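Visitor: Here you go, structure-v8.txt (compact mmCIF, C-alpha atoms):
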# COMPACT_ATOMS: atom_id res chain seq x y z
CA MET A 1 25.79 -37.42 19.75
CA ARG A 2 26.68 -34.07 18.42
CA LYS A 3 24.11 -32.42 16.21
CA LYS A 4 26.62 -31.87 13.46
CA ILE A 5 27.49 -35.56 13.25
CA GLU A 6 23.81 -36.49 13.28
CA GLU A 7 23.13 -34.11 10.41
CA GLU A 8 25.97 -35.65 8.43
CA LEU A 9 24.62 -39.14 9.08
CA ALA A 10 21.15 -38.07 7.98
CA LYS A 11 22.60 -36.64 4.78
CA LEU A 12 24.47 -39.88 4.22
CA ALA A 13 21.34 -41.95 4.74
CA PHE A 14 19.28 -39.81 2.36
CA GLY A 15 22.06 -39.64 -0.24
CA ASP A 16 22.79 -35.93 0.08
CA LEU A 17 26.56 -36.26 0.49
CA SER A 18 29.30 -36.35 -2.08
CA ALA A 19 31.22 -39.60 -2.63
CA ASP A 20 34.26 -38.44 -0.63
CA GLU A 21 32.21 -37.33 2.34
CA ALA A 22 30.12 -40.48 2.19
CA SER A 23 33.13 -42.82 2.25
CA ARG A 24 34.67 -40.90 5.16
CA LEU A 25 31.46 -41.09 7.18
CA GLU A 26 30.87 -44.75 6.38
CA LEU A 27 34.27 -45.53 7.90
CA ARG A 28 33.16 -43.76 11.05
CA THR A 29 29.91 -45.72 11.25
CA GLN A 30 31.93 -48.94 11.16
CA VAL A 31 33.87 -48.00 14.31
CA ASP A 32 31.22 -46.01 16.15
CA PRO A 33 28.17 -48.12 17.13
CA GLU A 34 26.12 -45.10 18.13
CA ALA A 35 26.74 -43.47 14.77
CA ALA A 36 25.87 -46.73 13.08
CA LYS A 37 22.59 -46.91 14.97
CA THR A 38 21.67 -43.37 14.08
CA PHE A 39 22.58 -43.94 10.46
CA GLU A 40 20.44 -47.08 10.38
CA SER A 41 17.44 -45.33 11.87
CA TYR A 42 17.63 -42.60 9.22
CA ARG A 43 18.11 -45.10 6.45
CA ARG A 44 15.03 -47.05 7.51
CA MET A 45 13.07 -43.84 7.77
CA LYS A 46 14.04 -42.97 4.20
CA ASP A 47 12.95 -46.39 2.90
CA GLU A 48 9.66 -46.23 4.76
CA LEU A 49 8.93 -42.74 3.54
CA GLN A 50 9.43 -43.92 -0.01
CA LEU A 51 7.06 -46.82 0.64
CA LEU A 52 4.59 -44.35 2.08
CA GLY A 53 4.71 -42.47 -1.21
CA GLN A 54 3.64 -45.60 -3.05
CA ASP A 55 0.75 -46.23 -0.70
CA VAL A 56 -1.64 -43.76 -2.26
CA PRO A 57 -5.16 -44.74 -3.30
CA GLU A 58 -6.66 -43.89 -6.65
CA ASP A 59 -8.26 -40.48 -6.72
CA GLN A 60 -11.85 -39.97 -7.75
CA LEU A 61 -11.32 -36.71 -9.54
CA SER A 62 -12.67 -36.18 -13.01
CA LYS A 63 -12.69 -33.57 -15.70
CA GLU A 64 -16.45 -33.24 -15.38
CA ARG A 65 -16.17 -32.57 -11.67
CA LEU A 66 -13.51 -29.95 -12.27
CA ARG A 67 -15.53 -28.31 -15.01
CA GLN A 68 -18.54 -28.18 -12.75
CA ALA A 69 -16.46 -26.60 -10.00
CA ILE A 70 -15.09 -23.96 -12.36
CA LEU A 71 -18.54 -23.15 -13.67
CA THR A 72 -20.01 -23.06 -10.18
CA ARG A 73 -17.33 -20.79 -8.87
CA GLY A 74 -17.61 -18.53 -11.86
CA LEU A 75 -14.97 -17.56 -14.31
CA LYS A 76 -13.27 -14.83 -12.38
CA HIS A 77 -11.45 -12.30 -14.46
CA SER A 78 -8.35 -10.91 -12.96
CA GLU A 79 -8.85 -7.38 -11.75
CA PRO A 80 -6.66 -4.65 -13.05
CA ALA A 81 -3.84 -3.78 -10.74
CA ILE A 82 -5.31 -0.36 -10.07
CA GLN A 83 -8.48 -1.96 -8.69
CA ARG A 84 -6.63 -4.52 -6.61
CA MET A 85 -4.50 -1.81 -5.06
CA SER A 86 -7.28 0.74 -4.71
CA TRP A 87 -7.04 0.82 -0.93
CA ILE A 88 -3.45 1.98 -1.19
CA TRP A 89 -4.58 5.13 -2.98
CA MET A 90 -6.98 6.14 -0.24
CA PRO A 91 -4.42 7.69 2.12
CA VAL A 92 -2.68 9.29 -0.82
CA ALA A 93 -5.94 10.80 -2.02
CA ALA A 94 -6.78 11.97 1.49
CA ALA A 95 -3.37 13.58 1.84
CA PHE A 96 -3.77 15.24 -1.54
CA ILE A 97 -7.16 16.64 -0.62
CA ALA A 98 -5.85 17.87 2.72
CA PHE A 99 -2.89 19.49 1.03
CA GLY A 100 -5.14 21.11 -1.53
CA ALA A 101 -7.43 22.50 1.14
CA PHE A 102 -4.48 23.80 3.10
CA TYR A 103 -2.97 25.36 0.02
CA LEU A 104 -6.19 27.09 -0.99
CA LYS A 105 -6.72 28.37 2.53
CA GLY A 106 -3.20 29.71 2.51
CA ASN A 107 -3.97 31.73 -0.61
CA PHE A 108 -6.80 33.59 1.01
CA PRO A 109 -6.17 37.25 1.90
CA ALA A 110 -4.04 37.86 4.92
CA GLY A 111 -5.97 37.48 8.08
CA GLY A 112 -8.69 35.73 6.22
CA SER A 113 -9.17 33.29 8.99
CA THR A 114 -10.07 36.05 11.45
CA SER A 115 -11.63 38.74 9.31
CA THR A 116 -13.72 36.96 6.78
CA VAL A 117 -16.89 38.33 8.30
CA VAL A 118 -17.95 41.69 7.00
CA VAL A 119 -19.64 43.81 9.55
CA ASP A 120 -22.37 45.90 8.16
CA LYS A 121 -22.19 48.97 10.36
CA THR A 122 -25.39 50.50 9.13
CA THR A 123 -27.73 47.97 10.64
CA ALA A 124 -27.66 45.30 13.21
CA PRO A 125 -29.35 42.05 12.32
CA GLU A 126 -32.85 41.85 13.54
CA PRO A 127 -33.66 38.89 15.76
CA ASN A 128 -36.48 37.55 13.57
CA TRP A 129 -34.33 37.18 10.53
CA LEU A 130 -33.14 33.86 9.36
CA PRO A 131 -29.47 33.01 9.64
CA GLU A 132 -27.44 34.95 7.21
CA VAL A 133 -25.55 33.31 4.47
CA GLY A 134 -23.46 35.66 2.46
CA VAL A 135 -24.08 35.07 -1.20
CA VAL A 136 -23.26 37.41 -4.00
CA ARG A 137 -25.50 37.48 -6.99
CA PRO A 138 -26.67 40.12 -9.36
CA PRO A 139 -29.75 41.88 -8.14
CA LYS A 140 -32.98 41.20 -9.86
CA ASN A 141 -33.96 43.89 -12.23
CA ASP A 142 -37.41 44.33 -10.83
CA VAL A 143 -35.99 45.21 -7.41
CA PHE A 144 -34.01 48.18 -8.53
CA VAL A 145 -36.58 50.30 -10.15
CA MET A 146 -35.15 53.76 -10.02
CA PRO A 147 -36.45 57.02 -11.31
CA GLU A 148 -34.77 58.18 -14.44
CA THR A 149 -33.35 61.21 -12.72
CA SER A 150 -31.66 59.28 -9.97
CA ARG A 151 -30.21 56.62 -12.21
CA SER A 152 -26.54 57.12 -12.30
CA PRO A 153 -24.10 55.55 -14.71
CA VAL A 154 -22.20 54.42 -11.64
CA VAL A 155 -25.09 52.28 -10.56
CA SER A 156 -25.14 48.99 -12.28
CA SER A 157 -27.83 46.43 -11.93
CA SER A 158 -25.18 43.77 -12.15
CA ALA A 159 -23.37 45.05 -9.09
CA PRO A 160 -23.04 42.29 -6.55
CA THR A 161 -25.46 42.63 -3.70
CA ARG A 162 -25.53 40.77 -0.45
CA VAL A 163 -28.85 39.10 -0.02
CA ALA A 164 -30.32 37.17 2.80
CA MET A 165 -30.83 33.52 1.95
CA GLY A 166 -34.00 32.97 3.84
CA GLY A 167 -35.23 30.46 1.35
CA THR A 168 -36.22 30.71 -2.22
CA ARG A 169 -39.93 30.87 -1.51
CA LYS A 170 -39.58 33.78 0.86
CA SER A 171 -37.24 35.61 -1.45
CA THR A 172 -39.63 35.28 -4.32
CA ARG A 173 -42.52 36.58 -2.26
CA MET A 174 -40.54 39.54 -1.00
CA SER A 175 -39.30 40.22 -4.46
CA GLY A 176 -42.89 40.71 -5.57
CA SER A 177 -43.66 43.08 -2.73
CA ALA A 178 -40.54 45.03 -3.50
CA SER A 179 -41.73 45.49 -7.00
CA ARG A 180 -45.04 46.75 -5.76
CA LEU A 181 -43.35 49.17 -3.41
CA ALA A 182 -41.19 50.43 -6.15
CA ASN A 183 -44.15 51.14 -8.37
CA ASP A 184 -46.25 52.76 -5.64
CA PRO A 185 -46.32 56.49 -6.41
CA GLU A 186 -47.41 57.37 -2.87
CA LEU A 187 -44.29 56.21 -1.28
CA PRO A 188 -41.41 58.59 -0.88
CA SER A 189 -38.86 58.42 -3.57
CA GLY A 190 -36.21 57.05 -1.23
CA ALA A 191 -38.30 54.01 -0.48
CA ALA A 192 -38.12 52.91 -4.06
CA GLY A 193 -34.44 52.40 -3.67
CA LEU A 194 -34.74 50.13 -0.72
CA ASP A 195 -33.63 46.62 -1.35
CA MET A 196 -36.12 44.52 0.47
CA PHE A 197 -33.68 41.66 0.57
CA ASP A 198 -31.08 43.75 2.19
CA ARG A 199 -31.30 44.48 5.83
CA SER A 200 -29.64 47.85 5.37
CA PRO A 201 -31.59 50.71 3.85
CA MET A 202 -28.75 51.51 1.56
CA SER A 203 -29.31 53.28 -1.60
CA ALA A 204 -28.78 51.32 -4.72
CA SER A 205 -26.44 54.00 -5.86
CA GLU A 206 -24.00 53.12 -3.13
CA PRO A 207 -21.47 50.54 -4.13
CA VAL A 208 -22.05 47.35 -2.22
CA GLU A 209 -19.09 45.57 -0.87
CA SER A 210 -18.60 42.15 -2.24
CA PRO A 211 -17.68 39.34 0.10
CA LEU A 212 -14.90 38.56 -2.31
CA ASN A 213 -13.24 41.70 -1.03
CA PHE A 214 -13.29 40.54 2.53
CA GLY A 215 -10.23 41.64 4.38
CA LYS A 216 -9.36 44.22 1.77
CA SER A 217 -9.92 47.86 2.49
CA ALA A 218 -11.63 49.81 -0.23
CA GLU A 219 -9.82 53.07 0.66
CA PRO A 220 -6.43 53.47 2.26
CA ALA A 221 -6.62 54.58 5.86
CA PRO A 222 -5.61 58.21 6.42
CA ALA A 223 -2.00 58.48 7.47
CA PRO A 224 -1.54 59.84 11.01
CA THR A 225 -0.15 63.30 11.36
CA ILE A 226 3.40 63.45 12.69
CA ILE A 227 4.79 66.38 14.59
CA VAL A 228 8.54 66.59 14.67
CA ILE A 229 9.89 68.51 17.64
CA GLN A 230 13.19 70.10 16.81
CA THR A 231 16.02 71.01 19.13
CA GLU A 232 16.09 74.64 18.05
CA THR A 233 14.06 77.15 19.96
CA ASP A 234 11.66 79.56 18.43
CA ALA A 235 12.79 83.14 18.90
CA SER A 236 9.28 84.50 19.29
CA THR A 237 7.97 82.03 21.83
CA GLY A 238 11.15 80.72 23.38
CA THR A 239 9.97 77.13 23.05
CA LEU A 240 11.19 74.31 20.86
CA LYS A 241 10.19 74.40 17.23
CA ALA A 242 7.62 71.90 16.06
CA THR A 243 6.98 70.96 12.45
CA GLU A 244 4.05 68.97 11.12
CA VAL A 245 4.95 66.48 8.42
CA GLY A 246 2.71 64.40 6.24
CA ASP A 247 4.59 61.15 6.24
CA THR A 248 7.71 59.70 7.76
CA ALA A 249 9.56 59.12 4.57
CA ASN A 250 12.14 61.84 5.16
CA VAL A 251 12.18 61.82 8.92
CA LEU A 252 15.28 60.60 10.65
CA VAL A 253 14.59 59.40 14.12
CA GLY A 254 17.33 59.52 16.70
CA GLY A 255 20.42 61.64 17.26
CA MET B 1 7.83 -25.15 -28.67
CA GLU B 2 6.12 -28.51 -28.62
CA LEU B 3 2.39 -28.42 -29.03
CA ASP B 4 1.79 -30.52 -25.96
CA SER B 5 4.38 -28.91 -23.70
CA ASP B 6 3.18 -27.34 -20.49
CA VAL B 7 3.95 -23.86 -21.73
CA ALA B 8 2.03 -24.43 -24.94
CA LEU B 9 -0.94 -25.86 -23.10
CA VAL B 10 -0.96 -22.96 -20.68
CA LYS B 11 -0.84 -20.51 -23.56
CA ARG B 12 -3.72 -22.23 -25.29
CA ALA B 13 -5.71 -22.31 -22.06
CA ARG B 14 -5.07 -18.61 -21.57
CA ASP B 15 -6.44 -18.02 -25.05
CA GLY B 16 -9.66 -19.74 -24.06
CA ASP B 17 -8.97 -23.33 -25.08
CA TYR B 18 -10.45 -25.20 -22.15
CA ALA B 19 -9.42 -28.57 -23.59
CA ALA B 20 -5.80 -27.52 -23.14
CA PHE B 21 -6.43 -26.91 -19.47
CA GLU B 22 -8.10 -30.29 -19.18
CA ALA B 23 -5.01 -31.82 -20.70
CA LEU B 24 -2.94 -30.19 -17.96
CA PHE B 25 -5.37 -31.52 -15.38
CA GLU B 26 -5.09 -35.06 -16.71
CA ARG B 27 -1.34 -34.79 -16.78
CA TYR B 28 -0.85 -33.60 -13.20
CA ARG B 29 -3.86 -34.71 -11.19
CA ALA B 30 -2.08 -37.82 -9.92
CA LEU B 31 1.00 -35.88 -8.92
CA THR B 32 -0.95 -33.28 -7.01
CA PHE B 33 -3.24 -35.82 -5.41
CA ARG B 34 -0.27 -37.90 -4.22
CA PHE B 35 1.22 -34.82 -2.62
CA ALA B 36 -2.06 -33.69 -1.06
CA TYR B 37 -2.81 -37.16 0.24
CA GLN B 38 0.44 -37.15 2.20
CA MET B 39 -0.31 -33.74 3.58
CA VAL B 40 -3.87 -34.15 4.80
CA PRO B 41 -5.22 -37.15 6.64
CA ARG B 42 -8.40 -37.65 4.64
CA ARG B 43 -8.64 -38.80 1.08
CA ASP B 44 -11.71 -36.69 0.30
CA ASP B 45 -9.91 -33.67 1.74
CA ALA B 46 -7.02 -34.38 -0.59
CA GLU B 47 -9.37 -34.59 -3.55
CA ASP B 48 -11.02 -31.33 -2.58
CA ILE B 49 -7.64 -29.67 -2.31
CA VAL B 50 -6.55 -30.88 -5.73
CA GLN B 51 -9.77 -29.73 -7.31
CA GLU B 52 -9.53 -26.37 -5.62
CA ALA B 53 -5.92 -26.06 -6.75
CA PHE B 54 -6.88 -26.61 -10.38
CA VAL B 55 -9.78 -24.16 -10.11
CA ARG B 56 -7.43 -21.53 -8.75
CA ALA B 57 -4.83 -22.36 -11.36
CA TYR B 58 -7.43 -21.84 -14.08
CA GLN B 59 -8.56 -18.56 -12.59
CA ASN B 60 -5.01 -17.28 -12.26
CA LEU B 61 -3.43 -18.56 -15.43
CA ASP B 62 -2.59 -15.00 -16.42
CA LYS B 63 -0.38 -14.72 -13.34
CA TYR B 64 1.67 -17.78 -14.18
CA ARG B 65 5.13 -16.83 -15.37
CA ASP B 66 6.58 -19.08 -18.01
CA GLU B 67 10.07 -19.08 -16.51
CA ALA B 68 8.89 -21.35 -13.68
CA LYS B 69 7.82 -24.92 -14.30
CA PHE B 70 4.08 -25.39 -14.35
CA THR B 71 4.35 -28.22 -11.82
CA THR B 72 6.29 -25.98 -9.47
CA TRP B 73 3.62 -23.32 -9.70
CA LEU B 74 0.87 -25.90 -9.27
CA LEU B 75 2.54 -27.53 -6.28
CA ARG B 76 2.93 -24.14 -4.72
CA ILE B 77 -0.82 -23.66 -4.91
CA VAL B 78 -1.41 -27.13 -3.47
CA THR B 79 1.09 -26.46 -0.68
CA ASN B 80 -0.68 -23.27 0.30
CA LEU B 81 -4.04 -25.00 0.28
CA CYS B 82 -2.69 -27.87 2.38
CA THR B 83 -1.26 -25.39 4.85
CA ASP B 84 -4.62 -23.66 5.12
CA GLN B 85 -6.35 -27.00 5.53
CA ALA B 86 -3.93 -28.11 8.23
CA ARG B 87 -4.53 -24.92 10.14
CA MET B 88 -8.28 -25.27 9.94
CA SER B 89 -8.56 -28.97 10.62
CA THR B 90 -9.46 -29.87 14.15
CA ARG B 91 -7.80 -32.42 16.31
CA ARG B 92 -11.04 -34.39 16.31
CA THR B 93 -10.76 -34.97 12.60
CA ALA B 94 -7.23 -36.28 12.96
CA LEU B 95 -8.26 -38.62 15.75
CA GLU B 96 -11.16 -39.97 13.70
CA GLN B 97 -8.83 -40.68 10.84
CA GLN B 98 -6.33 -42.39 13.09
CA GLU B 99 -9.01 -44.54 14.60
CA ALA B 100 -10.35 -45.47 11.18
CA ALA B 101 -6.86 -46.35 9.99
CA GLY B 102 -6.29 -48.47 13.09
CA ALA B 103 -9.56 -50.33 12.61
CA LEU B 104 -8.51 -51.36 9.13
CA ASP B 105 -5.01 -52.37 10.06
CA TRP B 106 -5.85 -56.05 10.27
CA MET B 107 -7.12 -55.99 6.67
CA THR B 108 -3.84 -54.71 5.26
CA ILE B 109 -2.17 -57.04 2.85
CA GLY B 110 1.48 -57.24 3.77
CA SER B 111 4.39 -57.18 1.38
CA TYR B 112 6.38 -59.84 3.18
CA GLU B 113 5.73 -63.55 3.17
CA ASP B 114 6.35 -63.79 6.89
CA PRO B 115 3.25 -62.60 8.79
CA ILE B 116 5.38 -61.38 11.68
CA GLN B 117 7.42 -59.27 9.29
CA ASN B 118 4.24 -57.95 7.79
CA LEU B 119 2.93 -56.96 11.18
CA GLU B 120 6.17 -55.19 12.03
CA ALA B 121 6.21 -53.37 8.71
CA ASP B 122 2.61 -52.31 9.15
CA ARG B 123 3.30 -51.13 12.66
CA ARG B 124 6.18 -49.01 11.45
CA LYS B 125 4.17 -47.63 8.58
CA VAL B 126 1.32 -46.64 10.85
CA ALA B 127 3.77 -45.06 13.25
CA LEU B 128 5.42 -43.15 10.45
CA ARG B 129 2.13 -41.89 9.12
CA LYS B 130 1.08 -40.83 12.60
CA ALA B 131 4.37 -39.07 13.17
CA LEU B 132 4.13 -37.35 9.82
CA ALA B 133 0.57 -36.23 10.51
CA ALA B 134 1.63 -34.91 13.92
CA LEU B 135 4.47 -32.84 12.47
CA PRO B 136 4.02 -29.12 12.11
CA VAL B 137 2.79 -28.38 8.62
CA HIS B 138 6.01 -26.69 7.50
CA HIS B 139 8.04 -29.78 8.47
CA ARG B 140 5.50 -32.08 6.88
CA THR B 141 5.54 -30.12 3.65
CA ILE B 142 9.27 -30.36 3.28
CA ILE B 143 9.38 -34.08 4.14
CA VAL B 144 6.71 -34.83 1.57
CA LEU B 145 8.38 -32.74 -1.08
CA ARG B 146 11.90 -34.02 -0.58
CA ASP B 147 11.70 -37.53 0.87
CA ILE B 148 8.40 -38.81 -0.50
CA GLU B 149 8.02 -36.94 -3.78
CA GLU B 150 11.82 -36.69 -4.19
CA ARG B 151 11.80 -33.15 -5.56
CA GLU B 152 15.05 -31.34 -6.24
CA TYR B 153 16.20 -28.68 -3.82
CA THR B 154 15.93 -26.00 -6.47
CA GLU B 155 12.29 -26.81 -7.04
CA ILE B 156 11.59 -27.01 -3.31
CA ALA B 157 13.16 -23.61 -2.89
CA GLU B 158 10.90 -22.24 -5.62
CA ILE B 159 7.79 -23.83 -4.15
CA LEU B 160 8.52 -22.59 -0.65
CA GLY B 161 9.89 -19.25 -1.76
CA CYS B 162 13.27 -19.62 -0.10
CA THR B 163 16.88 -20.12 -1.09
CA ILE B 164 18.37 -23.50 -1.91
CA GLY B 165 20.47 -23.36 1.24
CA GLY B 166 17.38 -22.51 3.23
CA ALA B 167 15.57 -25.47 1.70
CA LYS B 168 18.42 -27.81 2.65
CA LEU B 169 18.40 -26.51 6.19
CA ARG B 170 14.66 -26.98 6.46
CA VAL B 171 15.00 -30.54 5.22
CA LEU B 172 17.55 -31.32 7.91
CA ARG B 173 15.37 -29.88 10.64
CA ALA B 174 12.27 -31.65 9.39
CA ARG B 175 14.00 -35.02 9.26
CA ARG B 176 15.29 -34.60 12.80
CA ALA B 177 11.82 -33.59 13.98
CA LEU B 178 10.29 -36.64 12.29
CA LYS B 179 12.87 -38.97 13.82
CA GLU B 180 12.17 -37.54 17.26
CA ARG B 181 8.43 -38.09 16.79
CA ILE B 182 8.62 -41.56 15.40
CA ALA B 183 10.98 -42.96 18.03
CA PRO B 184 8.44 -43.00 20.89
CA LEU B 185 5.79 -44.50 18.61
CA LEU B 186 8.10 -47.39 17.80
CA GLY B 187 9.22 -47.81 21.37
CA GLU B 188 12.76 -46.76 20.53
CA GLU B 189 14.79 -44.94 23.11
CA LYS B 190 15.61 -41.35 22.45
CA GLN B 191 19.22 -41.05 21.50
Would you mind writing the file out in structure tokens?
Guide:
Amino acid sequence: MRKKIEEELAKLAFGDLSADEASRLELRTQVDPEAAKTFESYRRMKDELQLLGQDVPEDQLSKERLRQAILTRGLKHSEPAIQRMSWIWMPVAAAFIAFGAFYLKGNFPAGGSTSTVVVDKTTAPEPNWLPEVGVVRPPKNDVFVMPETSRSPVVSSSAPTRVAMGGTRKSTRMSGSASRLANDPELPSGAAGLDMFDRSPMSASEPVESPLNFGKSAEPAPAPTIIVIQTETDASTGTLKATEVGDTANVLVGG
Amino acid sequence: MELDSDVALVKRARDGDYAAFEALFERYRALTFRFAYQMVPRRDDAEDIVQEAFVRAYQNLDKYRDEAKFTTWLLRIVTNLCTDQARMSTRRTALEQQEAAGALDWMTIGSYEDPIQNLEADRRKVALRKALAALPVHHRTIIVLRDIEEREYTEIAEILGCTIGGAKLRVLRARRALKERIAPLLGEEKQ
């Protein structure tokens, strides 16, 4: 039997057809024994399913049992939506952090990724020194004890100074010895200006480059001298004229 | 709004009136147990499912939307629990239940005066229950909802989360699957 006819017979048996469709199909079941058999099997199935629905024992549920279950399980409060969906925010937060880091890195001075290290040309790091961490902080006042005559208004005790971060304990100890050196009258006057934290014997009067200025040149580089060779010859020497110019602003290159 | 309507009771239960929730439980425990009993083979399993359904309903009352009938929402919870139970239950459990049911067959009081008719009716009932229990859970759910509990297609669609046309189609498929399963149990030839 075709599936379509069987579906129609099942609908007829379970009462899912309209009156017109039902009467038309009932006529068919009267002339088609196979359709009649199928219809009868569905009709019996429907009756037996309804009987099955009546064959249900009494339950042993009770309000006390339910109350106990609710109390045992705890009265859960519904979480706010933001807490239930917290895991969704994780990739968003990670992306935001990554974007922020990228953006900040992009705002560093040009070439910051390759020239963030300042090379102190005056001294090379000694092998016994602890790893250097560049930190800028105002120098301690007791380190820069300068004679009155050498104190210059240019020198400021709050000028940023690169110090070696060998540990707080070591720094404190060396700070004390620096004070003693500064107050020792037998030492040459230049020694008083030595910053014991600094590995370079720079004078305190020299401006110290801040790591914040990494990648930036303090003074513009001297412009190269340009010699323009002209096509005219010099009458005295017989050679081409040459003129030295300071910059290339007014120089036309080419024919 | 009537004071004892489902919506009113739900509102009172949401506001902390536990007696209102108990009233809902008393009103619908039989309905949900009847449905669960057809879905799972064991009576104590059905009771556990009904109790669990009411616990979850109480915990999630704030998620119930008033535009749906409370029974629809409740039956949806029961349906999901029955589906979970059917997936977790082992074949051994089903066999134990079938054996227990078979052992008690001779004690069944028939509805016909003729003992032979009673035996035939019991045989068919046992076969039908076996076939129903052997159906995939999605077919069983729709048979119970439509042909045993006689729910409307609109409500079935809401419970199952499908369209009305989809619900009708599922009913047709489930009935055909049940007929195919019951025929060998009754010794009927496959048509």
Visitor: Find the nearest atom pair between each residue of chain A and chain B for residues within 9 Å, count all atoms listed in the file, give distances in Å to one decimal, sort rows by chain and ascending number, and present the table as CSV.
Guide:
residue,atom,partner,partner_atom,distance
A:Met1,CA,B:Gln191,CA,7.7
A:Glu6,CA,B:Arg176,CA,8.7
A:Glu7,CA,B:Leu172,CA,6.7
A:Ala10,CA,B:Leu172,CA,7.7
A:Lys11,CA,B:Leu172,CA,8.0
A:Phe14,CA,B:Asp147,CA,8.1
A:Glu34,CA,B:Gln191,CA,8.7
A:Thr38,CA,B:Gln191,CA,8.2
A:Ser41,CA,B:Lys179,CA,8.1
A:Tyr42,CA,B:Lys179,CA,7.5
A:Met45,CA,B:Lys179,CA,7.8
A:Lys46,CA,B:Asp147,CA,6.8
A:Glu48,CA,B:Lys125,CA,6.8
A:Leu49,CA,B:Ile148,CA,5.7
A:Gln50,CA,B:Ile148,CA,5.2
A:Leu51,CA,B:Ile148,CA,8.2
A:Leu52,CA,B:Ile148,CA,7.2
A:Gly53,CA,B:Ile148,CA,5.2
A:Gln54,CA,B:Ile148,CA,8.7
A:Val56,CA,B:Arg34,CA,6.3
A:Pro57,CA,B:Arg43,CA,8.2
A:Glu58,CA,B:Ala30,CA,8.3
A:Asp59,CA,B:Glu47,CA,6.8
A:Gln60,CA,B:Glu47,CA,7.3
A:Leu61,CA,B:Glu47,CA,6.6
A:Ser62,CA,B:Glu26,CA,8.5
A:Lys63,CA,B:Glu22,CA,6.6
A:Arg65,CA,B:Gln51,CA,8.2
A:Leu66,CA,B:Gln51,CA,6.2
A:Arg67,CA,B:Val55,CA,8.6
A:Ala69,CA,B:Val55,CA,7.1
A:Ile70,CA,B:Val55,CA,5.8
A:Arg73,CA,B:Val55,CA,8.4
A:Leu75,CA,B:Gln59,CA,6.7
A:Lys76,CA,B:Gln59,CA,6.0
A:His77,CA,B:Gln59,CA,7.1
A:Ser78,CA,B:Asn60,CA,7.2
Visitor: Would you compute the distance between CA of Gly187 (chain B) and CA of Leu9 (chain A)? Give it in Å to one decimal.
Guide: 21.5 Å
Visitor: If you measure from CA of Ala36 (chain B) to CA of Asp84 (chain B), what distance in Å do you get, rounded to one decimal?
Guide: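 Interatomic distance here is 12.1 Å.
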Visitor: What gap, in Å, lies between CA of Lys4 (chain A) and CA of Gly161 (chain B)?
Guide: 25.9 Å
